[in-house]
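Working notes, structure below.
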Amino acid sequence: MSNNSIKIKNCRIEDSKRVSIEEFDFEMKENEAWLVIGPNGGGKAEFVKALSGEKRIVMNGSDSVYENDFVGSVETVSLEVAAKLIEQERELDETEYMDRLDEGRTGRRFICEVLGGPDAKHRHVPLPPIASKLEALPEIKLCGIEKILDRGLRLMSTGEIRRTLLARALLSKKRLLILSDPFAGLDVKSRSILLEFFQTIAGKMNSSPKIILSMERYFEIPQTITNVVEFAGGKVSFSGTKAEYEKILEERRREKEKVRDSEKSAFLSELNEISESTRFLQNEKVDGKETLIQMNDVNVGWGDKRVLRHFDWTVMPGEHWLIQGPNGSGKTTLLELITGDNKQVFCNDVWLFGNKRGSGESIWDIKKNLGIVSYRLHVEYRMVAGTDLEGVIISGFRDSIGLYEQRTDVEVAAARKWLKLAGFEGRESESFGNLSYGEQRAILIIRAAVKSPKIMILDEPCHGLDESYRQKILDLLEKIAETGTTTLLHVTHDVSEVLPCEKHILQLKPDSEPMYEIVEK
């Protein structure tokens with residue numbers, strides 16, 4: 001076998017709990033660049049984890065072959081890895097012992113961990129000499145993170161964290177990089193940087209590191225990809241050239257178009273039925289004259305960085321907003337002022353549902369009117385990953401992370417109807433932590449929708465979703481907007497996810513004065 005190849009024949013993938021893929025074959029030759037793809041829960045995530053060493057690849061019999069030139073030298077960059085990083089930062093948070101916010105590890109310190117620097121648990125130990133020279137490194141410039149190296153990881157946007165992870169992976173000198181859904185959540189500039197990366201590094205077949213790309217959807221696939229392996233139903237459903245796979249995708253697309261209208265009609269009919277049968281668990285219909293959000297001369301930032309400056313914004317019922325801006329422009333910060341996850345809300349003039357924040361209302365008074373889908377919520381739910389899917393959905397009625405009280409028969413019946421709608425029928429007892437990242441995101445979107453909240457906050461809701469789930473979720477959000485009960489605040493960088501109802505656009509412009517612009521369609 002050559003130096004940059006993998007050969008797997010009649011093997012299985014397992015961990016200490018179960019066998020996730022019973023039998024599969026895969027071969028990557030030195031001169032090939034591979035894409036791994038497939039529906040959420042189909043086996044793609046298990047394959048990627050096996051290559052990275054998180055799961056075991058085990059030979060099934062005497063004719064089995066397992067040869068992998070990259071064992072022990074694999075680095076993965078993914079939404080899941082980013083989530084684990086933020087979980088680790090929370091565990092190490094020392095804010096309660098300090099007189100200020102603990103920003104945690106900076107990007108500079110995090111990257112230096114693979115350059116001879118101290119690990120996460122010794123983050124107060126001085127950095128090695130290379131730390132002062134990171135800005136000059138080509139890997140740092142390629143990822144465009146020179147200006148955020150001294151920012152705490154916890155204060156970075158999702159896109160900034162992803163680019164920081166990529167820079168660290170490149171500097172780790174690992175021989176195989178697995179990039180999972182790398183374009184998710186990235187702005188136009190960051191996508192351009194990443195595509196350049198593929199052209200300059202992934203395109204050089206004999207270079208190190210070797211690249212494997214894993215995607216939820218066949219979208220923005222670099223030209224340098226030569227081969228595709230698809231997993232579905234816990235098996236390899238396709239393995240061959242990119243050209244062969246694109247022919248199959250075109251056939252599937254034509255077949256899908258024939259049934260798209262009928263499938264959408266059936267989905268919406270089922271959604272209407274569920275909504276009607278669970279109406280008594282939902283919020284009361286909103287008063288059309290009530291101001292939902294009012295922000296007056298809001299200023300938010302940390303250190304010398306201003307995220308929002310002299311910001312004024314009003315949201316009325318039925319005004320569905322699309323929120324846009326480059327990575328790090330303050331989109332998530334803005335939404336966290338509403339949810340209460342950013343404490344600077346209390347030193348600003350912010351009103352929610354007619355009440356000024358900080359005037360005595362509890363967090364529960366606020367959250368009962370909100371349905372939230374965000375990266376932060378996803379991280380928080382991963383920390384109570386043992387909750388079963390039924391419990392996750394019911395927690396949406398109770399505004400809790402996890403479920404800590406007895407569930408009622410009415411809630412159970414409602415949760416199972418919603419799970420069926422989302423394609424999880426019969427899986428109500430399965431643990432949230434056992435799902436793929438994309439399946440977890442789909443469950444959290446349903447959780448946010450069940451009570452018909454006054455405001456639904458959607459911070460890149462389709463992260464990690466395959467094409468089928470993504471279309472269902474967009475149909476669901478479109479229908480929710482039509483009811484007149486819920487107002488959507490939607491952050492996305494993907495123009496194909498913009499909903500027709502989103503007639504109001506808030507554009508955040510960090511390098512301009514003022515730092516925002518409001519556009520009406």
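Going by the structure tokens order, chains are called A, B, ..., each with residues numbered from 1, while ligands are numbered from 1 in the order shown.
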
Problem - Contact residues around Glu276 in chain A with only C-alpha atoms at 12 Å, ignoring same-chain residues under 4 positions, as a PyMOL selection string - result: chain A and resi 269-272+280-282+414+417+450-452+483

Problem - Near-range 152-157 of chain A list (8 Å; only C-alpha atoms; drop same-chain fewer than 2 positions) as a ChimeraX atom specification - result: /A:86,89,103-107,150,159-161,327-328,332

Problem - Test item: residues at most 12 Å from Leu101 in chain A, only C-alpha atoms, excluding those fewer than 6 positions along its chain, as a PyMOL selection string - result: chain A and resi 93-95+152+154-155+302-303+342-344

Handout entry: Pick from A:His504, A:Arg416, A:Lys210, A:His493, whichever lies nearest to Trp313 in chain A using only C-alpha atoms
Key = A:His504

Handout entry: All strand (DSSP E) positions in range 420-506 of chain A, as a PyMOL selection string
Key = chain A and resi 455-459+487-491+504-506

Go ahead and save the residues from that selection, with N, CA, C and O atoms, as a compact mmCIF listing (two decimals), in the first residue's frame.
```txt
# COMPACT_ATOMS: atom_id res chain seq x y z
N ILE A 455 -41.99 34.65 19.58
CA ILE A 455 -40.81 34.88 18.74
C ILE A 455 -40.05 33.57 18.61
O ILE A 455 -39.82 32.88 19.61
N MET A 456 -39.65 33.24 17.40
CA MET A 456 -38.81 32.07 17.17
C MET A 456 -37.46 32.57 16.70
O MET A 456 -37.35 33.22 15.65
N ILE A 457 -36.41 32.31 17.49
CA ILE A 457 -35.05 32.76 17.19
C ILE A 457 -34.31 31.62 16.51
O ILE A 457 -34.13 30.55 17.07
N LEU A 458 -33.86 31.89 15.29
CA LEU A 458 -33.26 30.86 14.45
C LEU A 458 -31.85 31.30 14.05
O LEU A 458 -31.69 32.08 13.10
N ASP A 459 -30.86 30.84 14.77
CA ASP A 459 -29.47 31.21 14.49
C ASP A 459 -28.83 30.07 13.70
O ASP A 459 -28.42 29.07 14.27
N THR A 487 -43.44 35.16 15.26
CA THR A 487 -42.59 36.03 14.45
C THR A 487 -41.19 35.44 14.39
O THR A 487 -40.63 35.06 15.43
N LEU A 488 -40.60 35.35 13.20
CA LEU A 488 -39.30 34.72 13.01
C LEU A 488 -38.18 35.77 12.99
O LEU A 488 -38.30 36.81 12.33
N LEU A 489 -37.08 35.46 13.69
CA LEU A 489 -35.83 36.19 13.59
C LEU A 489 -34.80 35.19 13.11
O LEU A 489 -34.41 34.28 13.84
N HIS A 490 -34.36 35.33 11.87
CA HIS A 490 -33.63 34.26 11.18
C HIS A 490 -32.24 34.72 10.74
O HIS A 490 -32.11 35.65 9.95
N VAL A 491 -31.22 34.06 11.25
CA VAL A 491 -29.84 34.29 10.82
C VAL A 491 -29.41 33.15 9.89
O VAL A 491 -29.53 31.98 10.26
N HIS A 504 -38.28 41.88 6.07
CA HIS A 504 -37.49 42.87 6.79
C HIS A 504 -36.08 42.33 6.97
O HIS A 504 -35.89 41.22 7.46
N ILE A 505 -35.10 43.12 6.58
CA ILE A 505 -33.71 42.66 6.61
C ILE A 505 -32.88 43.60 7.48
O ILE A 505 -32.86 44.82 7.26
N LEU A 506 -32.20 43.03 8.47
CA LEU A 506 -31.25 43.77 9.30
C LEU A 506 -29.86 43.35 8.91
O LEU A 506 -29.49 42.18 9.05
```

Handout entry: Residue nearest Ile225 in chain A - candidates A:Gly433, A:Ser64, A:Ile211, A:Arg382, atoms counted: only C-alpha atoms
Key =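 Selected residue with least distance to Ile225 in chain A: A:Ile211.
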